[in-house]
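Reviewing the structure listed below.
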Amino acid sequence: MNPIIKVENVSKTFHTKGGEVTALQDINLEIEKGDIYGIIGLSGAGKSTLVRCLNLLEKPTEGNVFVKDRNILELSPKELRLERRNIGMIFQHFNLLMQRNVLENICFPMEIAGVGKKEAEKKALSLLETVGMEEKAKAYPAQLSGGQKQRVAIARVLSNNPEILLCDEATSALDPQTTKSILELLKQINETLGITIVVITHEMSVIQEICNKVAVLETGHVVETGTVEELFRAPKTEQAKKLVYTGTPLVEIMKGEREIRITFEEESAFEPVIGNLILEFQTPVNILYANTKNINGKAAGEMILQLPEESDVADRMIGYFHSKNIKVEELTK
């Protein structure tokens, strides 16, 4: 099956008074229909530039962007306008029309598309139910919380029946509890409407909560791609490790000779892994960090352990973890 989005050798250079700035360099990505695909990186990595290249709000300097096998760089202005209706986008700051109430905000894209007023209002009310905001139809944006504004923005985007939804830091301005509710809404939309979602974020917790696949960006380059589970269990690049290890400050202050990070999936996430290890070897280990996370609806655990000083015992312990299908990575100081 062909990907719904294919990014092929995309580069983007901006010309500024201070000279040329390369925001993206030779990006290649494939996003399948139905994915919730996360693109993560620190500030300045090129995330927002990349997502804006997916609907040509930014035109790549080089390369091609295919949406459903059509190279959108080859579309006429009229064809591109029609294609953009199929690619919805939500932003960090909502971009609602302050002089229009909630219902009117959702109707606005349909008005532009020539949909009749009654039909537009009927659909807008249905979308308000979808996002849990039916009681706020006559309210104005100034009367809404941040989370409520984002729900209205999502409903407005859905009014054009998009097959693709681009989310550019859509939860960055929200508190953790509201972020979780918006992510749950996006996952529901993906599952019930079959909409492919691309999530741009700098927060690994967002990726782990709803995404099934991920690409890691660093200074305009894709440095790692794969499933979210693969990234969590065994990040390969230094940038990916920084993102995955966020929230594990004890890694920075370890003092033992041999430290390892172990990760385990749903089947073993709730087993007494360390207890069994100690019984097996009759030797204690030092737990420096431990946590269980929800990775796209599945339990996944991680621990950072300081192993015994005896090299042969430490080696055998690592072998024990491998025998239990538990991923092990030795950490360097």
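The way I read the labels, and the way they are meant: chains A, B, ... in the order of the structure tokens, residue 1 as the first residue of every chain, and ligand 1 as the first ligand shown, with later ones counted on from there.
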
**OP:** Pick out the residues sitting within 9 Å of Phe321 (chain A), and hand them over as JSON, numbers by chain; count only C-alpha atoms, and ignore anything fewer than 5 positions along from it in its own chain.
**Re:** {"A": [262, 273, 277, 316, 326, 327, 328]}

Grab the residues selected above and save them as a CSV table (one decimal), in the first residue's frame with N, CA, C and O atoms.
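After the write, part28.csv holds the following:
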```csv
chain,number,residue,atom,x,y,z
A,262,ILE,N,17.2,-0.9,31.4
A,262,ILE,CA,16.4,-2.0,30.8
A,262,ILE,C,15.0,-1.5,30.5
A,262,ILE,O,14.5,-0.6,31.2
A,273,VAL,N,10.7,-8.2,38.1
A,273,VAL,CA,11.9,-8.5,37.3
A,273,VAL,C,13.1,-8.4,38.2
A,273,VAL,O,14.0,-9.4,38.2
A,277,LEU,N,15.6,-11.4,39.6
A,277,LEU,CA,17.1,-11.3,39.3
A,277,LEU,C,17.9,-11.6,40.6
A,277,LEU,O,18.9,-12.3,40.6
A,316,ARG,N,26.7,-11.8,33.6
A,316,ARG,CA,25.7,-12.8,33.6
A,316,ARG,C,24.3,-12.2,33.9
A,316,ARG,O,23.3,-12.7,33.4
A,326,ILE,N,14.2,-8.9,27.6
A,326,ILE,CA,14.2,-7.5,28.2
A,326,ILE,C,15.4,-6.8,27.5
A,326,ILE,O,16.5,-7.2,27.6
A,327,LYS,N,15.1,-5.7,26.9
A,327,LYS,CA,16.1,-4.9,26.2
A,327,LYS,C,17.1,-4.3,27.2
A,327,LYS,O,16.7,-3.7,28.2
A,328,VAL,N,18.4,-4.4,27.0
A,328,VAL,CA,19.4,-3.9,27.8
A,328,VAL,C,20.3,-2.9,27.1
A,328,VAL,O,20.8,-3.3,26.0
```

Quiz prompt | Gly88 (chain A) surroundings by only C-alpha atoms, 7 Å radius, close-in-sequence under 2 positions cut, as number ranges by chain | solution = A: 84-86, 90, 157, 162, 164-166

Going by DSSP on the backbone, which bits of region 71-277 of chain A are helix (DSSP H, G or I)? Write them as a short mmCIF file (atom, residue, chain, number, x, y, z; two decimals) with N, CA, C and O atoms, in the first residue's frame, please.
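The result, stored in out_22.cif:
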```cif
data_model
loop_
_atom_site.label_atom_id
_atom_site.label_comp_id
_atom_site.auth_asym_id
_atom_site.auth_seq_id
_atom_site.Cartn_x
_atom_site.Cartn_y
_atom_site.Cartn_z
N ILE A 72 2.31 17.52 -4.82
CA ILE A 72 1.57 18.76 -4.64
C ILE A 72 2.37 19.98 -5.11
O ILE A 72 1.80 21.06 -5.28
N LEU A 73 3.67 19.82 -5.34
CA LEU A 73 4.44 20.93 -5.88
C LEU A 73 4.11 21.18 -7.35
O LEU A 73 4.43 22.23 -7.90
N GLU A 74 3.48 20.21 -7.98
CA GLU A 74 3.12 20.36 -9.39
C GLU A 74 1.68 20.82 -9.60
O GLU A 74 1.23 20.98 -10.74
N PRO A 77 -2.43 26.67 -8.62
CA PRO A 77 -2.95 27.33 -7.41
C PRO A 77 -4.36 26.87 -7.04
O PRO A 77 -4.67 26.66 -5.87
N LYS A 78 -5.23 26.70 -8.05
CA LYS A 78 -6.60 26.26 -7.77
C LYS A 78 -6.60 24.83 -7.24
O LYS A 78 -7.29 24.52 -6.26
N GLU A 79 -5.82 23.95 -7.86
CA GLU A 79 -5.74 22.56 -7.40
C GLU A 79 -5.18 22.49 -5.98
O GLU A 79 -5.62 21.67 -5.17
N LEU A 80 -4.20 23.34 -5.69
CA LEU A 80 -3.60 23.34 -4.35
C LEU A 80 -4.61 23.79 -3.30
O LEU A 80 -4.68 23.22 -2.21
N ARG A 81 -5.43 24.79 -3.62
CA ARG A 81 -6.46 25.24 -2.67
C ARG A 81 -7.43 24.10 -2.35
O ARG A 81 -7.82 23.91 -1.20
N LEU A 82 -7.81 23.35 -3.39
CA LEU A 82 -8.72 22.22 -3.16
C LEU A 82 -8.04 21.12 -2.34
O LEU A 82 -8.65 20.51 -1.46
N GLU A 83 -6.76 20.87 -2.63
CA GLU A 83 -6.02 19.84 -1.90
C GLU A 83 -5.87 20.21 -0.43
O GLU A 83 -5.92 19.33 0.45
N ARG A 84 -5.71 21.48 -0.13
CA ARG A 84 -5.54 21.91 1.27
C ARG A 84 -6.78 21.66 2.10
O ARG A 84 -6.69 21.56 3.32
N ARG A 85 -7.95 21.59 1.46
CA ARG A 85 -9.16 21.23 2.21
C ARG A 85 -9.06 19.81 2.75
O ARG A 85 -9.71 19.47 3.73
N VAL A 102 -18.78 30.35 18.63
CA VAL A 102 -18.23 29.03 18.36
C VAL A 102 -18.85 28.42 17.11
O VAL A 102 -18.14 27.92 16.22
N LEU A 103 -20.18 28.45 17.03
CA LEU A 103 -20.86 27.87 15.86
C LEU A 103 -20.42 28.56 14.58
O LEU A 103 -20.16 27.90 13.56
N GLU A 104 -20.32 29.87 14.61
CA GLU A 104 -19.93 30.63 13.42
C GLU A 104 -18.48 30.35 13.03
O GLU A 104 -18.15 30.33 11.84
N ASN A 105 -17.62 30.14 14.02
CA ASN A 105 -16.23 29.78 13.71
C ASN A 105 -16.15 28.46 12.95
O ASN A 105 -15.38 28.33 11.99
N ILE A 106 -16.95 27.50 13.37
CA ILE A 106 -16.92 26.20 12.71
C ILE A 106 -17.55 26.27 11.32
O ILE A 106 -17.10 25.59 10.39
N CYS A 107 -18.54 27.13 11.16
CA CYS A 107 -19.20 27.28 9.86
C CYS A 107 -18.33 28.02 8.85
O CYS A 107 -18.54 27.88 7.64
N PHE A 108 -17.38 28.81 9.32
CA PHE A 108 -16.62 29.70 8.45
C PHE A 108 -15.96 28.98 7.25
O PHE A 108 -16.11 29.42 6.10
N PRO A 109 -15.23 27.86 7.46
CA PRO A 109 -14.63 27.19 6.30
C PRO A 109 -15.68 26.68 5.32
O PRO A 109 -15.44 26.65 4.10
N MET A 110 -16.83 26.27 5.84
CA MET A 110 -17.88 25.78 4.96
C MET A 110 -18.50 26.91 4.14
O MET A 110 -18.89 26.73 2.99
N GLU A 111 -18.60 28.10 4.74
CA GLU A 111 -19.06 29.27 4.00
C GLU A 111 -18.15 29.54 2.81
O GLU A 111 -18.61 29.78 1.69
N ILE A 112 -16.84 29.49 3.06
CA ILE A 112 -15.86 29.73 2.00
C ILE A 112 -16.00 28.68 0.89
O ILE A 112 -15.84 28.98 -0.30
N LYS A 117 -26.11 27.82 4.45
CA LYS A 117 -26.08 28.15 5.88
C LYS A 117 -26.70 27.06 6.75
O LYS A 117 -26.12 26.65 7.77
N LYS A 118 -27.87 26.55 6.38
CA LYS A 118 -28.53 25.53 7.20
C LYS A 118 -27.72 24.25 7.26
O LYS A 118 -27.57 23.64 8.33
N GLU A 119 -27.21 23.84 6.10
CA GLU A 119 -26.39 22.63 6.06
C GLU A 119 -25.12 22.79 6.88
O GLU A 119 -24.71 21.87 7.61
N ALA A 120 -24.52 23.98 6.79
CA ALA A 120 -23.29 24.25 7.54
C ALA A 120 -23.55 24.21 9.04
O ALA A 120 -22.77 23.63 9.80
N GLU A 121 -24.65 24.83 9.48
CA GLU A 121 -24.95 24.87 10.91
C GLU A 121 -25.27 23.47 11.44
O GLU A 121 -24.87 23.11 12.55
N LYS A 122 -25.95 22.66 10.62
CA LYS A 122 -26.27 21.29 11.03
C LYS A 122 -24.98 20.49 11.24
O LYS A 122 -24.83 19.78 12.24
N LYS A 123 -24.07 20.63 10.29
CA LYS A 123 -22.82 19.91 10.40
C LYS A 123 -21.99 20.44 11.57
O LYS A 123 -21.34 19.66 12.30
N ALA A 124 -21.99 21.76 11.77
CA ALA A 124 -21.22 22.36 12.86
C ALA A 124 -21.71 21.86 14.21
O ALA A 124 -20.91 21.56 15.11
N LEU A 125 -23.02 21.73 14.37
CA LEU A 125 -23.57 21.23 15.63
C LEU A 125 -23.17 19.77 15.86
O LEU A 125 -22.87 19.37 16.99
N SER A 126 -23.13 18.99 14.77
CA SER A 126 -22.70 17.60 14.88
C SER A 126 -21.24 17.52 15.30
O SER A 126 -20.86 16.69 16.15
N LEU A 127 -20.41 18.40 14.72
CA LEU A 127 -18.99 18.41 15.07
C LEU A 127 -18.77 18.87 16.51
O LEU A 127 -17.85 18.39 17.18
N LEU A 128 -19.61 19.77 16.99
CA LEU A 128 -19.51 20.20 18.39
C LEU A 128 -19.76 19.03 19.33
O LEU A 128 -19.14 18.92 20.38
N GLU A 129 -20.67 18.13 18.95
CA GLU A 129 -20.89 16.93 19.74
C GLU A 129 -19.65 16.04 19.71
O GLU A 129 -19.25 15.47 20.73
N THR A 130 -19.04 15.94 18.54
CA THR A 130 -17.84 15.11 18.39
C THR A 130 -16.73 15.55 19.34
O THR A 130 -16.04 14.72 19.93
N GLU A 134 -20.96 20.91 22.61
CA GLU A 134 -22.28 21.30 22.12
C GLU A 134 -22.94 22.39 22.95
O GLU A 134 -23.74 23.18 22.44
N GLU A 135 -22.58 22.46 24.23
CA GLU A 135 -23.20 23.47 25.10
C GLU A 135 -22.61 24.87 24.90
O GLU A 135 -23.13 25.85 25.45
N LYS A 136 -21.52 24.98 24.13
CA LYS A 136 -20.84 26.27 23.96
C LYS A 136 -21.06 26.86 22.56
O LYS A 136 -20.32 27.75 22.14
N PRO A 141 -14.98 33.07 21.66
CA PRO A 141 -13.66 32.56 22.06
C PRO A 141 -13.14 33.15 23.37
O PRO A 141 -12.50 32.44 24.15
N ALA A 142 -13.41 34.42 23.62
CA ALA A 142 -12.92 35.06 24.84
C ALA A 142 -13.52 34.44 26.10
O ALA A 142 -12.98 34.60 27.20
N GLN A 143 -14.63 33.72 25.94
CA GLN A 143 -15.30 33.09 27.08
C GLN A 143 -14.85 31.65 27.31
O GLN A 143 -15.33 30.99 28.22
N GLY A 146 -8.40 27.51 27.28
CA GLY A 146 -7.49 27.10 26.21
C GLY A 146 -7.88 25.77 25.60
O GLY A 146 -7.88 25.60 24.37
N GLY A 147 -8.23 24.80 26.45
CA GLY A 147 -8.63 23.49 25.95
C GLY A 147 -9.91 23.55 25.13
O GLY A 147 -10.04 22.87 24.11
N GLN A 148 -10.85 24.37 25.57
CA GLN A 148 -12.10 24.53 24.83
C GLN A 148 -11.85 25.20 23.47
O GLN A 148 -12.44 24.80 22.46
N LYS A 149 -10.98 26.19 23.44
CA LYS A 149 -10.63 26.82 22.17
C LYS A 149 -10.01 25.82 21.20
O LYS A 149 -10.32 25.81 20.00
N GLN A 150 -9.15 24.94 21.71
CA GLN A 150 -8.52 23.96 20.83
C GLN A 150 -9.55 22.96 20.31
O GLN A 150 -9.46 22.52 19.16
N ARG A 151 -10.52 22.61 21.12
CA ARG A 151 -11.58 21.72 20.66
C ARG A 151 -12.40 22.37 19.53
O ARG A 151 -12.77 21.70 18.55
N VAL A 152 -12.66 23.65 19.67
CA VAL A 152 -13.38 24.37 18.61
C VAL A 152 -12.52 24.40 17.34
O VAL A 152 -13.03 24.19 16.23
N ALA A 153 -11.23 24.65 17.51
CA ALA A 153 -10.33 24.68 16.36
C ALA A 153 -10.31 23.32 15.65
O ALA A 153 -10.28 23.25 14.41
N ILE A 154 -10.34 22.24 16.42
CA ILE A 154 -10.36 20.90 15.83
C ILE A 154 -11.68 20.68 15.08
O ILE A 154 -11.69 20.16 13.96
N ALA A 155 -12.80 21.08 15.69
CA ALA A 155 -14.09 20.94 15.02
C ALA A 155 -14.12 21.73 13.72
O ALA A 155 -14.65 21.27 12.70
N ARG A 156 -13.55 22.93 13.74
CA ARG A 156 -13.52 23.77 12.53
C ARG A 156 -12.73 23.08 11.41
O ARG A 156 -13.15 23.06 10.25
N VAL A 157 -11.60 22.48 11.76
CA VAL A 157 -10.80 21.77 10.76
C VAL A 157 -11.57 20.58 10.19
O VAL A 157 -11.52 20.30 8.99
N LEU A 158 -12.30 19.87 11.05
CA LEU A 158 -13.03 18.68 10.61
C LEU A 158 -14.19 19.02 9.68
O LEU A 158 -14.70 18.15 8.96
N PRO A 176 -1.12 20.10 31.69
CA PRO A 176 -1.01 18.64 31.47
C PRO A 176 -2.35 17.92 31.39
O PRO A 176 -2.53 17.05 30.54
N GLN A 177 -3.30 18.27 32.26
CA GLN A 177 -4.58 17.57 32.25
C GLN A 177 -5.36 17.87 30.97
O GLN A 177 -5.94 16.97 30.35
N THR A 178 -5.35 19.14 30.55
CA THR A 178 -6.03 19.52 29.31
C THR A 178 -5.33 18.90 28.11
O THR A 178 -5.99 18.44 27.16
N THR A 179 -4.00 18.87 28.14
CA THR A 179 -3.24 18.21 27.07
C THR A 179 -3.69 16.77 26.91
O THR A 179 -3.92 16.30 25.78
N LYS A 180 -3.82 16.06 28.02
CA LYS A 180 -4.22 14.65 27.96
C LYS A 180 -5.60 14.51 27.32
O LYS A 180 -5.83 13.61 26.50
N SER A 181 -6.53 15.41 27.66
CA SER A 181 -7.89 15.32 27.10
C SER A 181 -7.90 15.61 25.61
O SER A 181 -8.63 14.97 24.85
N ILE A 182 -7.06 16.55 25.15
CA ILE A 182 -6.98 16.86 23.73
C ILE A 182 -6.34 15.70 22.97
O ILE A 182 -6.78 15.33 21.87
N LEU A 183 -5.32 15.08 23.55
CA LEU A 183 -4.69 13.93 22.91
C LEU A 183 -5.67 12.76 22.81
O LEU A 183 -5.71 12.05 21.79
N GLU A 184 -6.49 12.57 23.83
CA GLU A 184 -7.51 11.52 23.78
C GLU A 184 -8.51 11.80 22.68
O GLU A 184 -8.96 10.89 21.97
N LEU A 185 -8.87 13.09 22.50
CA LEU A 185 -9.80 13.47 21.43
C LEU A 185 -9.19 13.19 20.06
O LEU A 185 -9.85 12.65 19.17
N LEU A 186 -7.91 13.53 19.88
CA LEU A 186 -7.24 13.28 18.60
C LEU A 186 -7.19 11.78 18.30
O LEU A 186 -7.41 11.35 17.16
N LYS A 187 -6.92 10.99 19.32
CA LYS A 187 -6.88 9.54 19.12
C LYS A 187 -8.25 9.01 18.74
O LYS A 187 -8.39 8.14 17.87
N GLN A 188 -9.29 9.54 19.38
CA GLN A 188 -10.66 9.14 19.06
C GLN A 188 -10.99 9.50 17.61
O GLN A 188 -11.60 8.69 16.87
N ILE A 189 -10.59 10.69 17.17
CA ILE A 189 -10.83 11.13 15.79
C ILE A 189 -10.11 10.21 14.81
O ILE A 189 -10.66 9.82 13.78
N ASN A 190 -8.88 9.84 15.14
CA ASN A 190 -8.12 8.92 14.29
C ASN A 190 -8.82 7.57 14.17
O ASN A 190 -8.93 7.00 13.08
N GLU A 191 -9.32 7.07 15.29
CA GLU A 191 -9.92 5.73 15.30
C GLU A 191 -11.31 5.71 14.66
O GLU A 191 -11.64 4.78 13.93
N THR A 192 -12.13 6.73 14.93
CA THR A 192 -13.52 6.70 14.47
C THR A 192 -13.68 7.26 13.06
O THR A 192 -14.53 6.80 12.30
N LEU A 193 -12.87 8.25 12.70
CA LEU A 193 -13.00 8.87 11.38
C LEU A 193 -11.93 8.41 10.39
O LEU A 193 -11.99 8.74 9.20
N MET A 204 8.27 14.34 24.48
CA MET A 204 8.22 12.89 24.29
C MET A 204 6.94 12.30 24.88
O MET A 204 6.41 11.31 24.37
N SER A 205 6.40 12.90 25.94
CA SER A 205 5.18 12.37 26.55
C SER A 205 4.02 12.40 25.57
O SER A 205 3.16 11.51 25.60
N VAL A 206 3.97 13.42 24.70
CA VAL A 206 2.91 13.51 23.69
C VAL A 206 3.06 12.37 22.69
O VAL A 206 2.09 11.70 22.33
N ILE A 207 4.29 12.14 22.23
CA ILE A 207 4.55 11.05 21.29
C ILE A 207 4.15 9.71 21.89
O ILE A 207 3.49 8.89 21.25
N GLN A 208 4.54 9.48 23.13
CA GLN A 208 4.26 8.21 23.78
C GLN A 208 2.77 8.00 24.02
O GLN A 208 2.29 6.87 24.00
N GLU A 209 2.04 9.08 24.21
CA GLU A 209 0.62 8.98 24.54
C GLU A 209 -0.22 8.49 23.36
O GLU A 209 -1.10 7.63 23.53
N ILE A 210 0.03 9.01 22.14
CA ILE A 210 -0.90 8.69 21.05
C ILE A 210 -0.25 8.22 19.75
O ILE A 210 -0.94 7.65 18.90
N VAL A 228 7.10 3.93 17.88
CA VAL A 228 7.34 4.57 19.18
C VAL A 228 7.91 3.56 20.16
O VAL A 228 8.79 3.88 20.96
N GLU A 229 7.44 2.31 20.07
CA GLU A 229 7.96 1.27 20.96
C GLU A 229 9.45 1.04 20.72
O GLU A 229 10.23 0.88 21.66
N GLU A 230 9.86 1.03 19.44
CA GLU A 230 11.27 0.85 19.12
C GLU A 230 12.12 1.99 19.67
O GLU A 230 13.21 1.77 20.22
N LEU A 231 11.61 3.20 19.52
CA LEU A 231 12.36 4.36 20.02
C LEU A 231 12.49 4.32 21.53
O LEU A 231 13.55 4.62 22.08
N PHE A 232 11.42 3.94 22.22
CA PHE A 232 11.45 3.88 23.68
C PHE A 232 12.41 2.80 24.16
O PHE A 232 13.21 3.03 25.07
N ARG A 233 12.36 1.64 23.52
CA ARG A 233 13.16 0.51 24.00
C ARG A 233 14.63 0.66 23.66
O ARG A 233 15.49 0.27 24.46
N GLU A 238 22.15 9.87 19.66
CA GLU A 238 22.27 10.67 20.88
C GLU A 238 21.07 11.60 21.07
O GLU A 238 20.60 11.79 22.18
N GLN A 239 20.58 12.19 19.96
CA GLN A 239 19.43 13.09 20.06
C GLN A 239 18.19 12.33 20.54
O GLN A 239 17.45 12.81 21.40
N ALA A 240 17.97 11.14 20.00
CA ALA A 240 16.82 10.33 20.43
C ALA A 240 16.95 9.95 21.90
O ALA A 240 15.97 9.96 22.64
N LYS A 241 18.16 9.61 22.32
CA LYS A 241 18.37 9.25 23.72
C LYS A 241 18.06 10.43 24.65
O LYS A 241 17.47 10.25 25.71
N LYS A 242 18.46 11.63 24.25
CA LYS A 242 18.16 12.82 25.07
C LYS A 242 16.66 12.98 25.26
O LYS A 242 16.19 13.30 26.35
N LEU A 243 15.90 12.76 24.18
CA LEU A 243 14.45 12.92 24.25
C LEU A 243 13.81 11.82 25.06
O LEU A 243 12.93 12.06 25.88
N VAL A 244 14.24 10.58 24.85
CA VAL A 244 13.66 9.45 25.57
C VAL A 244 14.00 9.50 27.05
O VAL A 244 13.18 9.17 27.90
N PRO A 249 16.57 12.19 35.62
CA PRO A 249 17.73 12.98 36.01
C PRO A 249 18.82 12.19 36.70
O PRO A 249 19.98 12.59 36.69
N LEU A 250 18.48 11.05 37.27
CA LEU A 250 19.50 10.28 37.98
C LEU A 250 20.57 9.73 37.04
O LEU A 250 21.65 9.37 37.47
N VAL A 251 20.25 9.66 35.76
CA VAL A 251 21.24 9.21 34.80
C VAL A 251 22.48 10.09 34.85
O VAL A 251 23.61 9.65 34.68
N GLU A 252 22.27 11.38 35.10
CA GLU A 252 23.36 12.34 35.06
C GLU A 252 24.30 12.24 36.27
O GLU A 252 25.41 12.72 36.23
N ILE A 253 23.81 11.62 37.35
CA ILE A 253 24.63 11.64 38.57
C ILE A 253 25.02 10.24 39.04
O ILE A 253 25.33 10.02 40.18
N VAL A 273 10.68 -8.20 38.06
CA VAL A 273 11.92 -8.45 37.32
C VAL A 273 13.13 -8.44 38.24
O VAL A 273 13.97 -9.35 38.22
N ILE A 274 13.26 -7.40 39.06
CA ILE A 274 14.45 -7.26 39.90
C ILE A 274 14.44 -8.29 41.02
O ILE A 274 15.49 -8.86 41.37
N GLY A 275 13.24 -8.54 41.57
CA GLY A 275 13.15 -9.56 42.61
C GLY A 275 13.61 -10.92 42.11
O GLY A 275 14.37 -11.62 42.79
N ASN A 276 13.17 -11.27 40.91
CA ASN A 276 13.59 -12.55 40.33
C ASN A 276 15.09 -12.58 40.06
O ASN A 276 15.75 -13.61 40.24
N LEU A 277 15.63 -11.43 39.61
CA LEU A 277 17.07 -11.34 39.34
C LEU A 277 17.88 -11.58 40.61
O LEU A 277 18.86 -12.34 40.62
#
```

Report task. Mind the document's chain letters and residue numbers, and return as a PyMOL selection string the residues of region 29-115 of chain A that DSSP labels strand (DSSP E). Result -> chain A and resi 29-31+36-40+62-67+70-71+87-91

Give me a file of those residues, with N, CA, C and O atoms, as a short mmCIF file (atom, residue, chain, number, x, y, z; two decimals), in the first residue's frame.
```cif
data_model
loop_
_atom_site.label_atom_id
_atom_site.label_comp_id
_atom_site.auth_asym_id
_atom_site.auth_seq_id
_atom_site.Cartn_x
_atom_site.Cartn_y
_atom_site.Cartn_z
N LEU A 29 10.53 10.86 4.36
CA LEU A 29 9.57 10.27 5.29
C LEU A 29 8.44 9.61 4.52
O LEU A 29 8.07 10.07 3.43
N GLU A 30 7.87 8.56 5.09
CA GLU A 30 6.67 7.95 4.55
C GLU A 30 5.66 7.78 5.69
O GLU A 30 5.99 7.20 6.73
N ILE A 31 4.45 8.30 5.48
CA ILE A 31 3.40 8.23 6.49
C ILE A 31 2.24 7.45 5.89
O ILE A 31 1.70 7.82 4.84
N ILE A 36 -0.85 7.74 13.35
CA ILE A 36 -0.64 8.97 14.12
C ILE A 36 0.88 9.10 14.21
O ILE A 36 1.53 8.41 14.99
N TYR A 37 1.42 9.93 13.36
CA TYR A 37 2.86 9.99 13.13
C TYR A 37 3.43 11.20 13.87
O TYR A 37 3.03 12.33 13.63
N GLY A 38 4.35 10.95 14.77
CA GLY A 38 4.96 12.02 15.54
C GLY A 38 6.26 12.48 14.93
O GLY A 38 7.07 11.67 14.48
N ILE A 39 6.46 13.79 14.90
CA ILE A 39 7.74 14.38 14.49
C ILE A 39 8.23 15.19 15.67
O ILE A 39 7.60 16.17 16.08
N ILE A 40 9.35 14.77 16.25
CA ILE A 40 9.82 15.37 17.50
C ILE A 40 11.24 15.89 17.36
O ILE A 40 12.06 15.34 16.61
N GLU A 62 14.11 22.28 -2.36
CA GLU A 62 14.40 21.10 -3.18
C GLU A 62 13.51 19.95 -2.72
O GLU A 62 13.03 19.94 -1.59
N GLY A 63 13.34 18.97 -3.61
CA GLY A 63 12.61 17.77 -3.24
C GLY A 63 11.14 17.80 -3.64
O GLY A 63 10.67 18.74 -4.28
N ASN A 64 10.42 16.75 -3.23
CA ASN A 64 9.02 16.58 -3.61
C ASN A 64 8.20 16.14 -2.39
O ASN A 64 8.71 15.49 -1.49
N VAL A 65 6.92 16.53 -2.42
CA VAL A 65 5.97 16.10 -1.40
C VAL A 65 4.77 15.48 -2.11
O VAL A 65 4.08 16.15 -2.88
N PHE A 66 4.56 14.19 -1.86
CA PHE A 66 3.44 13.48 -2.47
C PHE A 66 2.34 13.28 -1.43
O PHE A 66 2.60 12.82 -0.33
N VAL A 67 1.11 13.62 -1.80
CA VAL A 67 -0.07 13.35 -0.98
C VAL A 67 -0.99 12.48 -1.82
O VAL A 67 -1.46 12.92 -2.89
N ARG A 70 0.04 12.17 -5.44
CA ARG A 70 0.11 13.39 -6.26
C ARG A 70 1.21 14.29 -5.70
O ARG A 70 1.25 14.58 -4.51
N ASN A 71 2.09 14.73 -6.58
CA ASN A 71 3.14 15.66 -6.17
C ASN A 71 2.51 17.05 -6.05
O ASN A 71 2.20 17.69 -7.06
N ILE A 87 -6.28 18.58 3.81
CA ILE A 87 -5.17 18.55 4.77
C ILE A 87 -5.45 19.62 5.83
O ILE A 87 -5.09 20.79 5.68
N GLY A 88 -6.14 19.24 6.89
CA GLY A 88 -6.45 20.19 7.95
C GLY A 88 -5.23 20.48 8.81
O GLY A 88 -4.28 19.69 8.87
N MET A 89 -5.26 21.63 9.48
CA MET A 89 -4.12 22.00 10.33
C MET A 89 -4.61 22.73 11.57
O MET A 89 -5.45 23.62 11.49
N ILE A 90 -4.08 22.31 12.73
CA ILE A 90 -4.37 23.03 13.97
C ILE A 90 -3.05 23.50 14.57
O ILE A 90 -2.02 22.86 14.43
N PHE A 91 -3.14 24.65 15.25
CA PHE A 91 -1.95 25.34 15.71
C PHE A 91 -1.95 25.47 17.23
O PHE A 91 -2.95 25.23 17.90
#
```

Open item on the list: Set the distance at 9 Å and use only C-alpha atoms: which residues neighbour Cys53 (chain A) once local chain neighbours fewer than 4 positions away are removed? I'd like the list as a list in words.
Closed with: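 Counting only C-alpha atoms, the residues come to Val10, Lys12, Ser48, Thr49, Leu57, Glu58, Lys59, Pro60 and Val65 of chain A.
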
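If only C-alpha atoms are the atoms counted, then among A:Asn101, A:Thr16, A:Thr225, A:Ser159 the closest residue to Tyr140 (chain A) is A:Asn101.
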
* Rank nothing, just name the residue among A:Thr196, A:Asn294, A:Thr201, A:Asn55 nearest to Leu42 (chain A), using only C-alpha atoms. =>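 Of all the options, A:Thr201 lies closest to Leu42 (chain A).
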
Pick from A:Cys211, A:Leu279, A:Ile287, A:Val199: nearest to Gly226 (chain A), with only C-alpha atoms counted?
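Closest residue, counting only C-alpha atoms: A:Cys211.
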